[in-house]
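Have a look at data.cif below; it lists mmCIF, C-alpha atoms.
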data_my_file
loop_
_atom_site.group_PDB
_atom_site.id
_atom_site.type_symbol
_atom_site.label_atom_id
_atom_site.label_comp_id
_atom_site.auth_asym_id
_atom_site.auth_seq_id
_atom_site.Cartn_x
_atom_site.Cartn_y
_atom_site.Cartn_z
ATOM 1 C CA MET A 1 251.201 -6.768 -32.063
ATOM 2 C CA LYS A 2 247.940 -7.439 -30.322
ATOM 3 C CA SER A 3 248.064 -7.171 -26.593
ATOM 4 C CA LEU A 4 249.389 -3.647 -26.063
ATOM 5 C CA GLU A 5 246.939 -3.277 -23.157
ATOM 6 C CA GLU A 6 248.711 -6.163 -21.509
ATOM 7 C CA LEU A 7 252.028 -4.396 -22.053
ATOM 8 C CA ALA A 8 250.663 -1.184 -20.576
ATOM 9 C CA ALA A 9 249.535 -3.172 -17.522
ATOM 10 C CA ILE A 10 253.021 -4.627 -17.120
ATOM 11 C CA ARG A 11 254.430 -1.121 -17.288
ATOM 12 C CA LYS A 12 252.028 0.138 -14.628
ATOM 13 C CA ARG A 13 252.864 -2.772 -12.331
ATOM 14 C CA MET A 14 256.601 -2.270 -12.788
ATOM 15 C CA LEU A 15 256.477 1.449 -12.138
ATOM 16 C CA GLU A 16 254.625 0.781 -8.900
ATOM 17 C CA GLN A 17 257.306 -1.586 -7.654
ATOM 18 C CA VAL A 18 259.514 0.091 -5.077
ATOM 19 C CA ASN A 19 262.314 -2.331 -5.818
ATOM 20 C CA MET A 20 263.182 -1.150 -9.305
ATOM 21 C CA ARG A 21 266.320 -2.644 -10.739
ATOM 22 C CA LYS A 22 269.178 -0.184 -10.459
ATOM 23 C CA ASP A 23 272.273 -0.339 -12.580
ATOM 24 C CA ASP A 24 274.495 0.110 -9.518
ATOM 25 C CA LYS A 25 273.395 -3.305 -8.259
ATOM 26 C CA ILE A 26 275.193 -4.912 -11.190
ATOM 27 C CA ASP A 27 278.451 -6.564 -10.139
ATOM 28 C CA THR A 28 278.715 -9.368 -12.688
ATOM 29 C CA ARG A 29 278.755 -9.262 -16.472
ATOM 30 C CA VAL A 30 278.350 -12.196 -18.816
ATOM 31 C CA VAL A 31 279.650 -11.299 -22.274
ATOM 32 C CA VAL A 32 278.865 -13.564 -25.215
ATOM 33 C CA GLY A 33 280.813 -13.394 -28.492
ATOM 34 C CA MET A 34 278.153 -12.763 -31.134
ATOM 35 C CA CYS A 35 280.045 -12.173 -34.358
ATOM 36 C CA THR A 36 279.722 -14.280 -37.509
ATOM 37 C CA CYS A 37 281.903 -17.062 -36.080
ATOM 38 C CA GLY A 38 280.154 -17.071 -32.695
ATOM 39 C CA ILE A 39 276.685 -17.136 -34.224
ATOM 40 C CA ALA A 40 277.680 -19.899 -36.662
ATOM 41 C CA ALA A 41 279.031 -21.946 -33.745
ATOM 42 C CA GLY A 42 275.796 -21.599 -31.768
ATOM 43 C CA ALA A 43 276.163 -18.499 -29.563
ATOM 44 C CA ARG A 44 272.466 -17.629 -29.677
ATOM 45 C CA PRO A 45 271.106 -20.620 -27.719
ATOM 46 C CA VAL A 46 273.940 -20.134 -25.181
ATOM 47 C CA MET A 47 273.043 -16.477 -24.688
ATOM 48 C CA LEU A 48 269.326 -17.260 -24.376
ATOM 49 C CA GLU A 49 270.065 -19.997 -21.839
ATOM 50 C CA PHE A 50 272.055 -17.535 -19.687
ATOM 51 C CA ILE A 51 269.112 -15.129 -19.793
ATOM 52 C CA SER A 52 266.614 -17.786 -18.702
ATOM 53 C CA GLU A 53 268.849 -19.344 -16.048
ATOM 54 C CA LEU A 54 269.566 -15.934 -14.476
ATOM 55 C CA LYS A 55 265.878 -15.145 -14.536
ATOM 56 C CA ARG A 56 264.962 -18.542 -13.077
ATOM 57 C CA ARG A 57 267.227 -17.790 -10.121
ATOM 58 C CA GLY A 58 266.140 -14.148 -9.886
ATOM 59 C CA LEU A 59 269.721 -12.872 -10.097
ATOM 60 C CA GLU A 60 269.365 -9.138 -10.625
ATOM 61 C CA ASN A 61 273.036 -8.311 -10.137
ATOM 62 C CA VAL A 62 274.061 -9.923 -13.438
ATOM 63 C CA THR A 63 273.801 -8.531 -16.967
ATOM 64 C CA VAL A 64 274.235 -10.343 -20.245
ATOM 65 C CA ALA A 65 275.843 -8.472 -23.119
ATOM 66 C CA GLN A 66 277.383 -9.234 -26.491
ATOM 67 C CA THR A 67 280.735 -8.537 -28.030
ATOM 68 C CA GLY A 68 282.273 -8.958 -31.467
ATOM 69 C CA CYS A 69 284.881 -11.459 -32.556
ATOM 70 C CA ILE A 70 287.614 -11.990 -29.965
ATOM 71 C CA GLY A 71 289.936 -13.637 -32.480
ATOM 72 C CA MET A 72 289.820 -17.277 -31.424
ATOM 73 C CA CYS A 73 287.063 -18.391 -33.765
ATOM 74 C CA ARG A 74 287.873 -22.107 -33.421
ATOM 75 C CA LEU A 75 286.981 -21.944 -29.717
ATOM 76 C CA GLU A 76 283.557 -20.341 -30.235
ATOM 77 C CA PRO A 77 281.035 -19.982 -28.707
ATOM 78 C CA ILE A 78 283.095 -18.014 -26.191
ATOM 79 C CA VAL A 79 281.695 -16.441 -23.019
ATOM 80 C CA ASP A 80 283.595 -14.087 -20.711
ATOM 81 C CA VAL A 81 282.409 -13.765 -17.122
ATOM 82 C CA TYR A 82 283.456 -10.611 -15.263
ATOM 83 C CA VAL A 83 282.831 -10.634 -11.527
ATOM 84 C CA LYS A 84 283.607 -7.301 -9.880
ATOM 85 C CA GLY A 85 286.993 -7.366 -8.190
ATOM 86 C CA GLN A 86 288.037 -10.653 -9.809
ATOM 87 C CA GLU A 87 289.949 -11.609 -12.905
ATOM 88 C CA LYS A 88 287.957 -12.287 -16.082
ATOM 89 C CA VAL A 89 287.187 -15.949 -16.765
ATOM 90 C CA THR A 90 286.884 -17.115 -20.391
ATOM 91 C CA TYR A 91 284.723 -20.144 -21.170
ATOM 92 C CA VAL A 92 285.107 -21.789 -24.587
ATOM 93 C CA HIS A 93 283.169 -24.271 -26.744
ATOM 94 C CA MET A 94 280.090 -23.230 -24.814
ATOM 95 C CA THR A 95 276.794 -25.094 -25.039
ATOM 96 C CA PRO A 96 273.428 -24.364 -23.409
ATOM 97 C CA GLU A 97 274.006 -27.474 -21.230
ATOM 98 C CA LYS A 98 277.077 -25.891 -19.607
ATOM 99 C CA VAL A 99 275.246 -22.722 -18.605
ATOM 100 C CA ALA A 100 273.458 -23.900 -15.435
ATOM 101 C CA ARG A 101 276.701 -25.082 -13.864
ATOM 102 C CA ILE A 102 278.533 -21.824 -14.628
ATOM 103 C CA VAL A 103 275.693 -19.843 -13.092
ATOM 104 C CA ASN A 104 275.560 -22.097 -10.028
ATOM 105 C CA ASP A 105 279.263 -22.703 -9.369
ATOM 106 C CA HIS A 106 280.835 -19.486 -10.621
ATOM 107 C CA ILE A 107 278.300 -16.667 -10.543
ATOM 108 C CA VAL A 108 276.445 -17.716 -7.392
ATOM 109 C CA ASN A 109 279.147 -19.569 -5.454
ATOM 110 C CA GLY A 110 282.313 -17.907 -6.712
ATOM 111 C CA ARG A 111 284.119 -21.009 -8.015
ATOM 112 C CA PRO A 112 284.859 -20.837 -11.760
ATOM 113 C CA VAL A 113 284.226 -24.103 -13.627
ATOM 114 C CA GLU A 114 287.851 -24.957 -14.457
ATOM 115 C CA GLU A 115 287.193 -27.640 -17.052
ATOM 116 C CA TYR A 116 285.125 -25.319 -19.255
ATOM 117 C CA THR A 117 287.727 -22.544 -19.296
ATOM 118 C CA ILE A 118 290.128 -21.632 -22.069
ATOM 119 C CA GLY A 119 293.106 -22.634 -19.908
ATOM 120 C CA TYR A 120 291.761 -26.173 -19.662
ATOM 121 C CA GLN A 121 290.501 -26.723 -23.212
ATOM 122 C CA GLY A 122 292.530 -24.293 -25.328
ATOM 123 C CA MET S 1 277.920 -21.234 -43.466
ATOM 124 C CA MET S 2 275.126 -20.666 -40.997
ATOM 125 C CA ARG S 3 273.005 -23.631 -39.930
ATOM 126 C CA GLU S 4 269.785 -21.658 -40.109
ATOM 127 C CA LEU S 5 268.753 -18.579 -42.064
ATOM 128 C CA SER S 6 267.676 -17.047 -38.758
ATOM 129 C CA ASP S 7 271.370 -17.018 -37.772
ATOM 130 C CA ASN S 8 272.049 -14.934 -40.884
ATOM 131 C CA ILE S 9 269.389 -12.493 -39.661
ATOM 132 C CA LEU S 10 271.216 -12.085 -36.364
ATOM 133 C CA ASP S 11 274.547 -11.732 -38.120
ATOM 134 C CA ILE S 12 273.679 -9.303 -40.922
ATOM 135 C CA ALA S 13 271.841 -7.016 -38.490
ATOM 136 C CA GLN S 14 275.162 -6.608 -36.637
ATOM 137 C CA ASN S 15 276.496 -4.749 -39.686
ATOM 138 C CA SER S 16 273.686 -2.210 -39.338
ATOM 139 C CA ILE S 17 274.396 -1.840 -35.642
ATOM 140 C CA ALA S 18 278.106 -1.358 -36.354
ATOM 141 C CA ALA S 19 277.046 1.333 -38.861
ATOM 142 C CA ARG S 20 275.295 3.094 -35.936
ATOM 143 C CA ALA S 21 271.814 2.635 -37.354
ATOM 144 C CA THR S 22 268.990 3.778 -35.072
ATOM 145 C CA LEU S 23 266.266 1.997 -37.047
ATOM 146 C CA ILE S 24 266.642 -1.377 -38.730
ATOM 147 C CA LYS S 25 263.851 -2.856 -40.805
ATOM 148 C CA ILE S 26 264.039 -6.600 -41.355
ATOM 149 C CA THR S 27 261.600 -8.304 -43.690
ATOM 150 C CA VAL S 28 261.322 -12.068 -43.859
ATOM 151 C CA SER S 29 259.092 -13.399 -46.558
ATOM 152 C CA VAL S 30 258.040 -16.909 -47.431
ATOM 153 C CA SER S 31 256.138 -17.516 -50.623
ATOM 154 C CA HIS S 32 255.169 -21.008 -51.663
ATOM 155 C CA ALA S 33 253.675 -19.654 -54.904
ATOM 156 C CA ALA S 34 256.950 -18.032 -55.931
ATOM 157 C CA ASN S 35 258.989 -20.845 -54.358
ATOM 158 C CA ARG S 36 261.055 -18.231 -52.516
ATOM 159 C CA ILE S 37 262.223 -17.239 -49.077
ATOM 160 C CA SER S 38 263.712 -13.791 -48.823
ATOM 161 C CA LEU S 39 265.452 -11.731 -46.189
ATOM 162 C CA CYS S 40 265.673 -7.961 -46.526
ATOM 163 C CA PHE S 41 267.587 -5.576 -44.264
ATOM 164 C CA GLU S 42 267.157 -1.811 -44.490
ATOM 165 C CA ASP S 43 268.986 0.519 -42.134
ATOM 166 C CA ASN S 44 269.587 4.221 -41.597
ATOM 167 C CA GLY S 45 273.229 3.702 -40.626
ATOM 168 C CA CYS S 46 276.256 5.511 -42.000
ATOM 169 C CA GLY S 47 276.146 3.760 -45.395
ATOM 170 C CA MET S 48 279.083 2.801 -47.596
ATOM 171 C CA SER S 49 281.057 4.381 -50.395
ATOM 172 C CA PRO S 50 280.520 2.996 -53.931
ATOM 173 C CA GLU S 51 283.985 1.372 -53.711
ATOM 174 C CA MET S 52 283.070 -0.420 -50.496
ATOM 175 C CA VAL S 53 279.760 -1.580 -52.010
ATOM 176 C CA GLN S 54 281.696 -3.200 -54.875
ATOM 177 C CA THR S 55 283.751 -5.441 -52.614
ATOM 178 C CA VAL S 56 281.776 -5.750 -49.375
ATOM 179 C CA ALA S 57 280.366 -9.176 -50.196
ATOM 180 C CA GLU S 58 283.896 -10.543 -50.709
ATOM 181 C CA PRO S 59 285.436 -12.433 -47.782
ATOM 182 C CA PHE S 60 288.485 -10.179 -47.611
ATOM 183 C CA THR S 61 286.577 -6.967 -47.072
ATOM 184 C CA THR S 62 285.810 -5.766 -43.576
ATOM 185 C CA SER S 63 285.561 -2.449 -41.787
ATOM 186 C CA ARG S 64 287.210 -3.698 -38.647
ATOM 187 C CA LYS S 65 290.827 -2.993 -37.932
ATOM 188 C CA THR S 66 291.851 -6.142 -36.086
ATOM 189 C CA ARG S 67 291.864 -8.572 -39.000
ATOM 190 C CA LYS S 68 291.265 -8.797 -42.704
ATOM 191 C CA VAL S 69 288.318 -11.125 -43.115
ATOM 192 C CA GLY S 70 284.592 -10.523 -42.822
ATOM 193 C CA LEU S 71 282.317 -13.448 -43.584
ATOM 194 C CA GLY S 72 278.803 -12.238 -42.748
ATOM 195 C CA LEU S 73 277.759 -10.954 -46.186
ATOM 196 C CA PRO S 74 279.792 -13.584 -48.123
ATOM 197 C CA PHE S 75 277.950 -16.362 -46.238
ATOM 198 C CA LEU S 76 274.589 -14.792 -47.028
ATOM 199 C CA LYS S 77 275.452 -14.281 -50.694
ATOM 200 C CA GLN S 78 276.860 -17.788 -51.101
ATOM 201 C CA THR S 79 273.796 -19.387 -49.527
ATOM 202 C CA ALA S 80 271.471 -17.294 -51.688
ATOM 203 C CA LEU S 81 273.237 -18.033 -54.964
ATOM 204 C CA MET S 82 273.727 -21.735 -54.356
ATOM 205 C CA THR S 83 270.017 -22.198 -53.726
ATOM 206 C CA GLY S 84 269.085 -20.490 -56.998
ATOM 207 C CA GLY S 85 268.310 -17.208 -55.284
ATOM 208 C CA THR S 86 269.491 -13.641 -55.604
ATOM 209 C CA PHE S 87 271.640 -11.192 -53.678
ATOM 210 C CA ASP S 88 271.345 -7.411 -53.907
ATOM 211 C CA LEU S 89 273.004 -4.680 -51.969
ATOM 212 C CA SER S 90 272.706 -0.933 -52.253
ATOM 213 C CA SER S 91 274.038 1.766 -50.024
ATOM 214 C CA SER S 92 274.647 5.451 -49.924
ATOM 215 C CA LEU S 93 276.860 7.344 -47.542
ATOM 216 C CA GLY S 94 274.959 9.147 -44.825
ATOM 217 C CA VAL S 95 271.640 7.558 -45.815
ATOM 218 C CA GLY S 96 271.858 3.839 -45.094
ATOM 219 C CA THR S 97 272.185 0.396 -46.556
ATOM 220 C CA THR S 98 269.779 -2.171 -47.958
ATOM 221 C CA VAL S 99 270.650 -5.847 -48.330
ATOM 222 C CA CYS S 100 268.235 -8.328 -49.867
ATOM 223 C CA ALA S 101 268.820 -12.030 -50.361
ATOM 224 C CA SER S 102 266.437 -14.640 -51.671
ATOM 225 C CA PHE S 103 266.618 -18.418 -51.551
ATOM 226 C CA GLY S 104 264.947 -21.228 -53.473
ATOM 227 C CA LEU S 105 262.316 -22.530 -51.064
ATOM 228 C CA ASP S 106 262.449 -26.134 -52.280
ATOM 229 C CA HIS S 107 266.166 -26.164 -53.122
ATOM 230 C CA ILE S 108 267.912 -29.102 -51.481
ATOM 231 C CA ASP S 109 270.737 -26.894 -50.184
ATOM 232 C CA ARG S 110 268.508 -24.284 -48.578
ATOM 233 C CA PRO S 111 269.165 -24.167 -44.830
ATOM 234 C CA PRO S 112 266.078 -24.262 -42.608
ATOM 235 C CA LEU S 113 264.645 -20.865 -41.777
ATOM 236 C CA GLY S 114 265.031 -21.708 -38.094
ATOM 237 C CA ASP S 115 263.671 -19.852 -35.129
ATOM 238 C CA VAL S 116 262.956 -16.381 -36.502
ATOM 239 C CA ALA S 117 261.154 -15.285 -33.325
ATOM 240 C CA SER S 118 264.242 -16.046 -31.248
ATOM 241 C CA ALA S 119 266.493 -14.156 -33.691
ATOM 242 C CA PHE S 120 264.244 -11.075 -33.452
ATOM 243 C CA TYR S 121 264.054 -11.372 -29.670
ATOM 244 C CA THR S 122 267.831 -11.693 -29.370
ATOM 245 C CA LEU S 123 268.377 -8.577 -31.482
ATOM 246 C CA ILE S 124 266.013 -6.520 -29.328
ATOM 247 C CA LEU S 125 267.428 -7.833 -26.075
ATOM 248 C CA LEU S 126 271.057 -7.188 -27.006
ATOM 249 C CA ASN S 127 270.431 -3.802 -28.601
ATOM 250 C CA PRO S 128 267.794 -2.132 -26.446
ATOM 251 C CA ALA S 129 268.712 1.335 -27.701
ATOM 252 C CA VAL S 130 268.153 0.463 -31.385
ATOM 253 C CA ASP S 131 264.690 0.374 -32.930
ATOM 254 C CA PHE S 132 263.616 -2.569 -35.059
ATOM 255 C CA LEU S 133 260.739 -2.991 -37.433
ATOM 256 C CA PHE S 134 260.212 -6.669 -38.147
ATOM 257 C CA VAL S 135 257.915 -7.651 -40.975
ATOM 258 C CA TYR S 136 257.137 -11.297 -41.554
ATOM 259 C CA LEU S 137 255.198 -12.226 -44.659
ATOM 260 C CA TYR S 138 254.033 -15.809 -44.931
ATOM 261 C CA ASP S 139 252.139 -16.342 -48.176
ATOM 262 C CA GLU S 140 249.127 -14.016 -47.787
ATOM 263 C CA LYS S 141 249.585 -13.476 -44.067
ATOM 264 C CA ARG S 142 251.490 -10.639 -42.483
ATOM 265 C CA PHE S 143 252.918 -9.915 -39.050
ATOM 266 C CA GLU S 144 254.592 -6.700 -38.005
ATOM 267 C CA PHE S 145 256.459 -5.931 -34.829
ATOM 268 C CA ASP S 146 257.649 -2.386 -34.212
ATOM 269 C CA THR S 147 259.829 -1.679 -31.173
ATOM 270 C CA ARG S 148 258.984 2.034 -31.481
ATOM 271 C CA ILE S 149 255.388 1.245 -30.521
ATOM 272 C CA VAL S 150 256.525 -0.943 -27.622
ATOM 273 C CA ARG S 151 258.918 1.792 -26.490
ATOM 274 C CA GLN S 152 256.139 4.401 -26.520
ATOM 275 C CA THR S 153 253.840 2.125 -24.547
ATOM 276 C CA ILE S 154 256.336 1.302 -21.786
ATOM 277 C CA GLU S 155 258.069 4.669 -21.494
ATOM 278 C CA PRO S 156 260.192 5.297 -19.347
ATOM 279 C CA LEU S 157 261.034 1.595 -18.946
ATOM 280 C CA ARG S 158 263.608 -0.145 -21.117
ATOM 281 C CA LEU S 159 263.005 -2.894 -23.672
ATOM 282 C CA ASP S 160 265.456 -5.192 -21.881
ATOM 283 C CA GLU S 161 263.681 -5.105 -18.501
ATOM 284 C CA PRO S 162 262.943 -8.787 -17.766
ATOM 285 C CA GLU S 163 259.123 -8.498 -17.665
ATOM 286 C CA ILE S 164 259.071 -6.418 -20.850
ATOM 287 C CA SER S 165 261.435 -8.689 -22.757
ATOM 288 C CA ASP S 166 259.373 -11.707 -21.673
ATOM 289 C CA TRP S 167 256.289 -10.067 -23.143
ATOM 290 C CA ILE S 168 258.212 -9.362 -26.356
ATOM 291 C CA ARG S 169 259.372 -12.969 -26.619
ATOM 292 C CA GLU S 170 255.929 -14.427 -25.999
ATOM 293 C CA ASN S 171 254.337 -12.009 -28.444
ATOM 294 C CA LEU S 172 256.845 -12.860 -31.187
ATOM 295 C CA ASN S 173 256.531 -16.619 -30.576
ATOM 296 C CA GLN S 174 252.760 -16.576 -30.545
ATOM 297 C CA GLU S 175 252.231 -14.359 -33.557
ATOM 298 C CA ILE S 176 254.796 -16.116 -35.712
ATOM 299 C CA SER S 177 253.509 -19.617 -34.967
ATOM 300 C CA LEU S 178 249.992 -18.346 -35.622
ATOM 301 C CA LEU S 179 251.202 -17.132 -39.011
ATOM 302 C CA HIS S 180 252.586 -20.557 -39.881
ATOM 303 C CA GLY S 181 249.505 -22.319 -38.585
ATOM 304 C CA GLY S 182 251.816 -25.136 -37.480
ATOM 305 C CA SER S 183 255.492 -25.707 -37.982
ATOM 306 C CA PHE S 184 257.578 -24.473 -40.860
ATOM 307 C CA SER S 185 261.265 -24.856 -41.462
#

Show this structure as structure tokens.
Amino acid sequence: MKSLEELAAIRKRMLEQVNMRKDDKIDTRVVVGMCTCGIAAGARPVMLEFISELKRRGLENVTVAQTGCIGMCRLEPIVDVYVKGQEKVTYVHMTPEKVARIVNDHIVNGRPVEEYTIGYQG
Amino acid sequence: MMRELSDNILDIAQNSIAARATLIKITVSVSHAANRISLCFEDNGCGMSPEMVQTVAEPFTTSRKTRKVGLGLPFLKQTALMTGGTFDLSSSLGVGTTVCASFGLDHIDRPPLGDVASAFYTLILLNPAVDFLFVYLYDEKRFEFDTRIVRQTIEPLRLDEPEISDWIRENLNQEISLLHGGSFS
């Protein structure tokens, strides 16, 4: 670890920002299955793509979290999207390529991507 | 089986997290002289009973209640042994667990090491409350990344704040590729 000064500068800048991220702004959760089966099926690149796509769009109301095995290992990587006040949507056989559309259509515009969901593919 | 050894890193560390470890040390070492790659996990989690240690690397042993299979350690052990490597596990209740696996570097069945930096970054990002000490030894070179030092430096901010986690990712990427002095798989 070399540039700790740089890190300290980032800290200073962030503490000075009035607009600190508050947990109560969170209304959407993206939960990625990251157990042995999920990881083996490629959950990591999917999770990392969600992180970068959300950051690219500056969406601060969304968090990305992990969960264990949901029990449908053949459908992994599985991603659940929870939007406050709406029913959970489960996406299966996820790939990094599918992420941008889920963020755009579902998370930003409120229309789940039917053809990626478990109801469509399962 | 995992496609990359870095996926095993992500997976085996989950056991430590499930064991409520607060500090997980992960050592990756690559030695061309010894023709070995090894992965070592040491945690201060709840540990296992001697009976559990006996069977934990079998596919039909798991601590979860929802089903009867657990494949994380069996995958690691199988990959290690089939590449002419070794697998060792020791644990004591209330103290923690250590798992070490080594692989034949030039063995035809050895999976690529993969993106170790991204595995480390993912672990930090998804477990911001856990501390990690990553040690990466590449022949004579050494890289260490300690989240306790980062945590001290950024206090009271969290490790998963976007700007902080970006710094962590860039730091890991840079330092690890510097260590390789080019690409390594």

Next on the checklist: Report as a ChimeraX atom specification all protein, DNA and RNA residues lying within 9 Å of Thr28 (chain A), evaluated on only C-alpha atoms, omitting residues in the same chain fewer than 6 positions from it.
Outcome noted: /A:61-64,81-84,107

Checklist entry - Can you tell me, as a ChimeraX atom specification, what residues are no more than 6 Å from region 18-29 of chain S when counting only C-alpha atoms, ignoring any on the same chain fewer than 3 positions away? => result /S:15,37-46,130-138

Item to check | region 116-123 of chain S environment, 10 Å, all atoms listed in the file, sequence neighbours closer than 4 positions dropped, as a ChimeraX atom specification | outcome: /A:44-45,47-48 /S:4-11,13-14,17,26,28,127-128,130-134,136,145,165-166,168-177,185

Checklist entry - Skipping near chain neighbours, those fewer than 6 positions away, what residues fall within 8 Å of Leu179 (chain S) using all atoms listed in the file, listed as a list in words? => result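 That gives Tyr138, Lys141, Arg142 and Phe143 of chain S.
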
Take the residues from that selection and put them in a file with C-alpha atoms, as a PDB file, in the coordinates of the input.
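What ended up in result.pdb:
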ATOM      1  CA  TYR S 138     254.033 -15.809 -44.931  1.00  0.00           C
ATOM      2  CA  LYS S 141     249.585 -13.476 -44.067  1.00  0.00           C
ATOM      3  CA  ARG S 142     251.490 -10.639 -42.483  1.00  0.00           C
ATOM      4  CA  PHE S 143     252.918  -9.915 -39.050  1.00  0.00           C
TER       5      PHE S 143
END

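Neighbours of Pro162 (chain S) closer than or equal to 10 Å, with only C-alpha atoms counted and sequence neighbours fewer than 5 positions away skipped, come out as Arg21, Ile51, Ser52, Lys55 and Glu60 of chain A; Leu125, Trp167 and Ile168 of chain S.
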
Checklist outcome for this item: Pairwise distance, CA of Ala65 (chain A) with CA of Arg151 (chain S), equals 20.1 Å

Checklist entry - Quick one, how far is CA of Ala43 (chain A) from CA of Val79 (chain A)? => result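 That distance, rounded to one decimal, is 8.8 Å.
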
Item to check | Hits from the PyMOL selection byres ((chain A) within 9 of (chain S)), listed as a PyMOL selection string | outcome: chain A and resi 1-8+10-12+14-15+21+34-37+39-42+44-45+47-48+55+64-66+71

Next on the checklist: Let me make sure I understand: among A:Arg29, A:Lys88, A:Arg111, A:Lys98, which one has the smallest atom-to-atom distance to Leu59 (chain A) if we use all atoms listed in the file?
Outcome noted: A:Arg29

Item to check | For CA of Ser91 (chain S) and CA of Ser49 (chain S), the interatomic separation in Å (one decimal) | outcome: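 So the two atoms, CA of Ser91 (chain S) and CA of Ser49 (chain S), lie 7.5 Å apart.
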
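When the PyMOL selection byres ((chain A and resi 100) around 12) is evaluated against the file, it yields Val46, Met47, Leu48, Glu49, Phe50, Ile51, Ser52, Glu53, Leu54, Lys55, Arg56, Arg57, Met94, Thr95, Pro96, Glu97, Lys98, Val99, Arg101, Ile102, Val103, Asn104, Asp105, His106, Ile107, Val108 and Val113 of chain A.
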
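Every residue that the PyMOL selection byres ((chain S and resi 88) around 7) selects in this file is listed here: Thr86, Phe87, Leu89, Ser90, Val99, Cys100 and Ala101 of chain S.
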
Reconstructed region 30-46 of chain S, atom set N, CA and C atoms, as a CSV table (one decimal), keeping the file's coordinate frame:
chain,number,residue,atom,x,y,z
S,30,VAL,N,258.1,-15.5,-47.0
S,30,VAL,CA,258.0,-16.9,-47.4
S,30,VAL,C,256.9,-17.0,-48.4
S,31,SER,N,257.2,-17.4,-49.6
S,31,SER,CA,256.1,-17.5,-50.6
S,31,SER,C,256.2,-18.9,-51.3
S,32,HIS,N,255.2,-19.7,-51.0
S,32,HIS,CA,255.2,-21.0,-51.7
S,32,HIS,C,254.9,-20.9,-53.1
S,33,ALA,N,254.0,-19.9,-53.5
S,33,ALA,CA,253.7,-19.7,-54.9
S,33,ALA,C,254.9,-19.3,-55.7
S,34,ALA,N,255.8,-18.4,-55.2
S,34,ALA,CA,257.0,-18.0,-55.9
S,34,ALA,C,258.1,-18.9,-55.6
S,35,ASN,N,257.9,-19.9,-54.8
S,35,ASN,CA,259.0,-20.8,-54.4
S,35,ASN,C,260.2,-20.1,-53.8
S,36,ARG,N,260.0,-19.1,-53.0
S,36,ARG,CA,261.1,-18.2,-52.5
S,36,ARG,C,261.0,-18.0,-51.0
S,37,ILE,N,262.1,-17.9,-50.4
S,37,ILE,CA,262.2,-17.2,-49.1
S,37,ILE,C,263.1,-16.0,-49.3
S,38,SER,N,262.8,-14.9,-48.7
S,38,SER,CA,263.7,-13.8,-48.8
S,38,SER,C,263.9,-13.1,-47.5
S,39,LEU,N,265.1,-12.5,-47.4
S,39,LEU,CA,265.5,-11.7,-46.2
S,39,LEU,C,265.9,-10.4,-46.7
S,40,CYS,N,265.3,-9.3,-46.1
S,40,CYS,CA,265.7,-8.0,-46.5
S,40,CYS,C,266.0,-7.1,-45.3
S,41,PHE,N,267.1,-6.4,-45.4
S,41,PHE,CA,267.6,-5.6,-44.3
S,41,PHE,C,267.7,-4.1,-44.8
S,42,GLU,N,267.0,-3.2,-44.1
S,42,GLU,CA,267.2,-1.8,-44.5
S,42,GLU,C,267.5,-1.0,-43.2
S,43,ASP,N,268.6,-0.3,-43.3
S,43,ASP,CA,269.0,0.5,-42.1
S,43,ASP,C,269.2,2.0,-42.5
S,44,ASN,N,269.3,2.8,-41.4
S,44,ASN,CA,269.6,4.2,-41.6
S,44,ASN,C,271.0,4.5,-41.0
S,45,GLY,N,271.9,3.5,-41.1
S,45,GLY,CA,273.2,3.7,-40.6
S,45,GLY,C,274.1,4.6,-41.5
S,46,CYS,N,275.4,4.5,-41.3
S,46,CYS,CA,276.3,5.5,-42.0
S,46,CYS,C,276.4,5.2,-43.5
